[in-house]
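A short write-up of the structure that comes next.
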Amino acid sequence: MSLVELILLCFELCGTYYLVDNAPAKRREAPLTSVAKLRAFVEAAPNAPGRARALRALRYGQDGSASPMETMLAMLLCLPYGLGGYGLGWPKLNYRVDVPASMRKLADRTYCECDLCWPDAALCVEYDSKLYHTDPERQESDARRRNTLASLGFTVVTVSRRQVMDGGAFNRLAHRVAKKTGKRLRYEDPGFTRKHCFLRDELIALMHASFDYAE
């Protein structure tokens, strides 16, 4: 497996979804494992083939992804320049933001979950999937959740499939996240853009059917 495949597998094993050939990704109730457990397992097998590459992949794997597109967004934004990412700090995936008791009258829930969240920067990036968000009640709930996060001081940025596929749009997204999180981007073009496009294309190919359903 390539390094990108290994990282993708790590996200899947440590998340609440799994990929299925020629079908949308399926949901699972809880992750199968965690990055810490995987790292401990690999570190305890000093003579295992592929150990060095597995440990390198685990440097970039994250817990808590709930969908292939959340994984893709995190990897495109946060993998180092050399792998085609923008080198941003890793977010918390499906991070819980509690609503203080003093603000309960302004919200219809006691907490919100964010797809990608940088808590210290009060920033949430949400993937807007038509597959799960076309239902009017779900759309209304999402709108109320975003309003609640805004009232708590969070900036909420919504990302569509079109933005992921559009190089210019995604670059603007990365710069917005970088500015909000205090990261200065120092990549060099055209080399970086080629690596970024290659990473995006590899992720789409690896997720194939799941990406096709992520409208």
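Residues in the structure tokens are named by chain (A, B, ... in the order shown) and by number from 1 within that chain; ligands are numbered from 1 in the order shown.
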For A:Trp118, find every residue with an atom within 10 Å (counting only C-alpha atoms), except residues of its own chain fewer than 2 positions away, and show them as a list of chain:residue names.
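Selected residues are A:Gly89, A:Trp90, A:Pro91, A:Lys92, A:Leu93, A:Tyr95, A:Cys114, A:Leu116, A:Asp120, A:Ala121, A:Ala122, A:Leu123, A:Cys124, A:Val125, A:Phe154, A:Val177, A:Lys180, A:Thr181.
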For the residues selected in the previous step, produce a file with N, CA, C and O atoms as a compact mmCIF listing (two decimals), in the first residue's frame.
# COMPACT_ATOMS: atom_id res chain seq x y z
N GLY A 89 -2.45 22.87 10.90
CA GLY A 89 -2.58 22.06 12.11
C GLY A 89 -3.79 21.15 12.02
O GLY A 89 -4.83 21.53 11.47
N TRP A 90 -3.66 19.94 12.57
CA TRP A 90 -4.75 18.98 12.47
C TRP A 90 -5.94 19.41 13.33
O TRP A 90 -5.77 19.82 14.48
N PRO A 91 -7.16 19.29 12.79
CA PRO A 91 -8.35 19.64 13.57
C PRO A 91 -8.79 18.47 14.43
O PRO A 91 -8.32 17.34 14.27
N LYS A 92 -9.71 18.73 15.34
CA LYS A 92 -10.44 17.69 16.04
C LYS A 92 -11.61 17.30 15.15
O LYS A 92 -12.33 18.16 14.64
N LEU A 93 -11.81 16.00 14.94
CA LEU A 93 -12.87 15.53 14.06
C LEU A 93 -14.11 15.18 14.88
O LEU A 93 -14.04 14.47 15.87
N TYR A 95 -15.88 17.09 16.74
CA TYR A 95 -15.59 17.66 18.07
C TYR A 95 -16.86 18.17 18.72
O TYR A 95 -17.68 18.83 18.08
N CYS A 114 -18.93 19.28 15.45
CA CYS A 114 -18.34 19.92 14.27
C CYS A 114 -17.54 18.90 13.48
O CYS A 114 -16.76 18.13 14.05
N LEU A 116 -14.93 19.26 11.25
CA LEU A 116 -13.52 19.58 11.50
C LEU A 116 -13.49 20.82 12.38
O LEU A 116 -14.07 21.84 12.01
N ASP A 120 -9.10 26.07 19.48
CA ASP A 120 -8.36 27.25 19.93
C ASP A 120 -8.61 28.45 19.03
O ASP A 120 -8.50 29.61 19.46
N ALA A 121 -8.94 28.18 17.76
CA ALA A 121 -9.21 29.26 16.81
C ALA A 121 -10.71 29.52 16.66
O ALA A 121 -11.12 30.39 15.88
N ALA A 122 -11.53 28.75 17.39
CA ALA A 122 -12.99 28.88 17.30
C ALA A 122 -13.45 28.78 15.84
O ALA A 122 -14.23 29.60 15.35
N LEU A 123 -12.94 27.75 15.15
CA LEU A 123 -13.22 27.56 13.72
C LEU A 123 -13.77 26.17 13.48
O LEU A 123 -13.21 25.18 13.96
N CYS A 124 -14.86 26.08 12.72
CA CYS A 124 -15.43 24.80 12.31
C CYS A 124 -15.53 24.78 10.78
O CYS A 124 -15.98 25.75 10.18
N VAL A 125 -15.10 23.68 10.18
CA VAL A 125 -15.29 23.47 8.75
C VAL A 125 -16.23 22.29 8.59
O VAL A 125 -15.98 21.20 9.11
N PHE A 154 -18.00 30.85 17.30
CA PHE A 154 -17.29 30.06 16.31
C PHE A 154 -17.55 30.60 14.90
O PHE A 154 -18.66 31.03 14.59
N VAL A 177 -8.56 29.13 6.28
CA VAL A 177 -8.30 28.34 7.48
C VAL A 177 -6.95 28.72 8.08
O VAL A 177 -6.80 28.85 9.30
N LYS A 180 -7.20 32.03 9.90
CA LYS A 180 -7.97 31.92 11.13
C LYS A 180 -7.20 31.18 12.21
O LYS A 180 -7.35 31.47 13.41
N THR A 181 -6.35 30.21 11.81
CA THR A 181 -5.61 29.41 12.79
C THR A 181 -4.20 29.94 13.04
O THR A 181 -3.43 29.34 13.79
Give me every strand (DSSP E or B) residue in stretch 14-184 of chain A, going by DSSP on the backbone, as a PyMOL selection string.
chain A and resi 17-18+26-27+92-98+111-118+123-127+155-159
With only C-alpha atoms as the counted atoms, please give the residues lying no more than 10 Å from A:Val4, apart from itself and same-chain residues fewer than 2 positions off, as a ChimeraX atom specification.
/A:1-2,6-10,57,60,75,79,83,199,202-203,206
Per DSSP on the backbone, what are the helix (DSSP H, G or I) residues of chain A, as a ChimeraX atom specification?
/A:3-13,35-43,51-58,68-78,81-83,101-106,119-121,130-133,136-151,161-165,167-181,191-213
How many Å lie between atom CA of A:His208 and atom CA of A:Tyr17, rounded to one decimal?
14.9 Å
Do you have the atom CA of A:Glu126-atom CA of A:Thr158 distance handy?
4.8 Å
Which residues are near A:Val35? Cut-off 12 Å, only C-alpha atoms, ignore same chain within fewer than 5 positions. Put them as a CSV table (one decimal) with C-alpha atoms, in the first residue's frame.
chain,number,residue,atom,x,y,z
A,7,ILE,CA,-3.2,7.0,6.1
A,9,LEU,CA,-7.0,3.2,6.2
A,10,CYS,CA,-6.0,4.6,9.5
A,11,PHE,CA,-8.7,7.2,9.4
A,12,GLU,CA,-11.2,4.5,8.4
A,13,LEU,CA,-10.3,2.1,11.2
A,14,CYS,CA,-10.3,5.0,13.7
A,15,GLY,CA,-13.5,6.5,12.5
A,40,ALA,CA,1.4,0.8,20.3
A,41,PHE,CA,0.7,-2.4,18.3
A,42,VAL,CA,3.2,-1.4,15.5
A,54,ALA,CA,3.1,2.1,9.1
A,55,LEU,CA,4.6,4.3,11.8
A,56,ARG,CA,5.0,7.2,9.3
A,57,ALA,CA,1.3,6.9,8.3
A,58,LEU,CA,0.3,6.9,11.9
A,59,ARG,CA,2.0,10.3,12.3
A,60,TYR,CA,-0.9,11.7,10.1
A,61,GLY,CA,-3.8,9.5,11.1
A,62,GLN,CA,-6.6,11.0,13.2
A,63,ASP,CA,-9.4,9.7,15.4
A,64,GLY,CA,-13.1,10.4,14.9
A,65,SER,CA,-13.8,10.9,11.2
Residue nearest A:Arg172 - candidates A:Leu3, A:Ala44, A:Leu77, A:Leu152, atoms counted: only C-alpha atoms
A:Leu77
Pick out the residues sitting within 12 Å of A:Thr193, and hand them over as number ranges by chain; count only C-alpha atoms, and ignore anything fewer than 6 positions along from it in its own chain.
A: 76, 81-86, 167-168, 170-171, 187, 199-200
Nearest to A:Arg144 by atom-to-atom distance, counting only C-alpha atoms, from A:Cys197, A:Leu73, A:Leu106, A:Ala30
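Looking at the shortest contact to A:Arg144, the residue is A:Leu106.
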I'd like the contact shell of A:Asp108 - 12 Å cut-off, only C-alpha atoms, skipping same-chain residues fewer than 4 positions apart - returned as a VMD selection string.
chain A and resid 99 101 103 to 104 112 140 to 149
Residue neighbourhood A:Met207, 9 Å, only C-alpha atoms, exclusion window fewer than 6 positions, as an MDAnalysis selection string
chainID A and resid 19:21 25 68
For the residues in the current selection, export N, CA and C atoms as an mmCIF file, in the first residue's frame.
data_model
loop_
_atom_site.group_PDB
_atom_site.id
_atom_site.type_symbol
_atom_site.label_atom_id
_atom_site.label_comp_id
_atom_site.auth_asym_id
_atom_site.auth_seq_id
_atom_site.Cartn_x
_atom_site.Cartn_y
_atom_site.Cartn_z
ATOM 1 N N LEU A 19 -15.526 1.935 4.027
ATOM 2 C CA LEU A 19 -15.707 2.003 2.584
ATOM 3 C C LEU A 19 -16.214 0.668 2.043
ATOM 4 N N VAL A 20 -17.089 0.758 1.044
ATOM 5 C CA VAL A 20 -17.670 -0.415 0.406
ATOM 6 C C VAL A 20 -17.524 -0.242 -1.099
ATOM 7 N N ASP A 21 -17.119 -1.306 -1.794
ATOM 8 C CA ASP A 21 -16.967 -1.227 -3.248
ATOM 9 C C ASP A 21 -18.303 -0.913 -3.913
ATOM 10 N N ALA A 25 -20.275 4.926 1.383
ATOM 11 C CA ALA A 25 -19.657 4.466 2.626
ATOM 12 C C ALA A 25 -20.752 4.129 3.637
ATOM 13 N N PRO A 68 -15.891 9.611 4.542
ATOM 14 C CA PRO A 68 -14.726 9.727 3.667
ATOM 15 C C PRO A 68 -14.403 11.177 3.308
#
